[in-house]
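Asker: Dropping a structure here in structure tokens format, bear with me for questions.
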Amino acid sequence: SALAGVADVAEANEDEIGVRIAGTDYLLASAEPPPSVAEIVKRLRELNAPQRRSTTADFELLLDELRADTVALTEQALRPVADNLQGYIETLAIDNSGQVWMVGWMRRGHLTEFSAVVSERRKVPAAVAIMTYTRDDLPPEACGIIGLLSSPWRPTSATGEFYLFFGAGGR
């Protein structure tokens, strides 16, 4: 986080970054020449850039891997506890290929691709990939979501209530 604001305090992009022990004039030595502000900013942008997938097959492989990671979660006693509430799925749709799409909202700060368990009388492994967006009707700590729920589970006309559990604690 200290490096994130480096461009704001630097006098020039060519300035070099060094590490000095606070309250002293002692500058830590480095085996390599210190990086410039421009190099640090470039590297931070690379690290924070969203990952791009080259093909649909890469994305499908990721979803398969995420579904496989649900074993620990399916072994937990999952209960819909109010303290664990992270959001709501407001609308579901099934596309022509059988994929379940969802629209709703959730608290900010979660991963956008994660393993999950759908619970509707039984636990079904799932993978979720979402995109977030700002919604005026939500508080600042929440965001709208549009996402894919990749699972063998499909909602039916009889589906009244189901839960989507994710994360180590089964949120």
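In the structure tokens, chains take the letters A, B, ... in the order shown, each chain's residues start at 1, and ligands count up from 1 in the order shown.
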What's the 6 Å shell around A:Arg107, counting only C-alpha atoms, without same-chain residues fewer than 3 positions away, as a PyMOL selection string?

Answerer: chain A and resi 86+141-142

Asker: Taking all heavy atoms for each residue, export the selection above as an mmCIF file, in the first residue's frame.

Answerer:
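Result file follows (selection-v4.cif):
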```cif
data_model
loop_
_atom_site.group_PDB
_atom_site.id
_atom_site.type_symbol
_atom_site.label_atom_id
_atom_site.label_comp_id
_atom_site.auth_asym_id
_atom_site.auth_seq_id
_atom_site.Cartn_x
_atom_site.Cartn_y
_atom_site.Cartn_z
ATOM 1 N N GLN A 86 -24.101 -12.397 2.882
ATOM 2 C CA GLN A 86 -23.228 -11.586 2.041
ATOM 3 C C GLN A 86 -23.975 -10.913 0.900
ATOM 4 O O GLN A 86 -23.403 -10.102 0.194
ATOM 5 C CB GLN A 86 -22.097 -12.448 1.478
ATOM 6 C CG GLN A 86 -21.207 -13.047 2.549
ATOM 7 C CD GLN A 86 -20.518 -11.996 3.391
ATOM 8 O OE1 GLN A 86 -19.835 -11.135 2.867
ATOM 9 N NE2 GLN A 86 -20.709 -12.068 4.695
ATOM 10 N N GLU A 141 -21.041 -0.198 0.862
ATOM 11 C CA GLU A 141 -20.304 -1.440 1.093
ATOM 12 C C GLU A 141 -20.824 -2.615 0.271
ATOM 13 O O GLU A 141 -20.334 -3.739 0.391
ATOM 14 C CB GLU A 141 -20.290 -1.802 2.580
ATOM 15 C CG GLU A 141 -21.637 -2.129 3.169
ATOM 16 C CD GLU A 141 -22.406 -0.910 3.700
ATOM 17 O OE1 GLU A 141 -21.951 0.232 3.527
ATOM 18 O OE2 GLU A 141 -23.476 -1.116 4.271
ATOM 19 N N ALA A 142 -21.799 -2.377 -0.602
ATOM 20 C CA ALA A 142 -22.370 -3.436 -1.437
ATOM 21 C C ALA A 142 -22.272 -3.045 -2.908
ATOM 22 O O ALA A 142 -22.124 -1.874 -3.255
ATOM 23 C CB ALA A 142 -23.823 -3.692 -1.057
#
```

Asker: How close does each residue of stretch 136-167 of chain A get to stretch 87-97 of chain A, giving the shortest atom pair and distance in Å to one decimal for every residue with an atom at most 10 Å away, counting only C-alpha atoms, sorted by chain and residue number, as a Markdown table?

Answerer:
```
| residue | atom | partner | partner_atom | distance |
| --- | --- | --- | --- | --- |
| A:Ala142 | CA | A:Gly87 | CA | 8.2 |
| A:Cys143 | CA | A:Gly87 | CA | 9.2 |
| A:Gly144 | CA | A:Gly87 | CA | 9.3 |
| A:Ile145 | CA | A:Ile89 | CA | 8.6 |
| A:Ile146 | CA | A:Ile89 | CA | 9.4 |
| A:Gly147 | CA | A:Leu92 | CA | 9.7 |
| A:Leu148 | CA | A:Leu92 | CA | 9.7 |
| A:Leu149 | CA | A:Leu92 | CA | 9.4 |
| A:Arg154 | CA | A:Ile94 | CA | 8.0 |
| A:Pro155 | CA | A:Leu92 | CA | 8.0 |
| A:Phe162 | CA | A:Ile89 | CA | 9.5 |
| A:Tyr163 | CA | A:Ile89 | CA | 9.0 |
| A:Leu164 | CA | A:Ile89 | CA | 8.9 |
```

Asker: Counting only C-alpha atoms, which of A:Leu44, A:Leu27, A:Leu63, A:Val103 gets nearest to A:Arg135?

Answerer: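 The closest residue to A:Arg135 is A:Val103.
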
Asker: Of the candidates A:Leu66, A:Ala29, A:Ile17, A:Val118, which shows the shortest atom-to-atom distance to A:Trp153, using only C-alpha atoms?

Answerer: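 Going through A:Leu66, A:Ala29, A:Ile17, A:Val118 one by one, the smallest distance to A:Trp153 is for A:Val118.
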
Asker: If I take atom CA of A:Glu113 and atom CA of A:Ile130, how far is one from the other in Å, to one decimal?

Answerer: 6.5 Å

Asker: Separation of atom CA of A:Glu60 and atom CA of A:Arg108, in Å?

Answerer: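 Between atom CA of A:Glu60 and atom CA of A:Arg108 the gap is 24.8 Å.
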
Asker: Hey, which of A:Trp105, A:Ser119, A:Ala158, A:Phe166 ends up closest to A:Asp137? Count only C-alpha atoms.

Answerer: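 Comparing A:Trp105, A:Ser119, A:Ala158, A:Phe166 against A:Asp137, the winner is A:Trp105.
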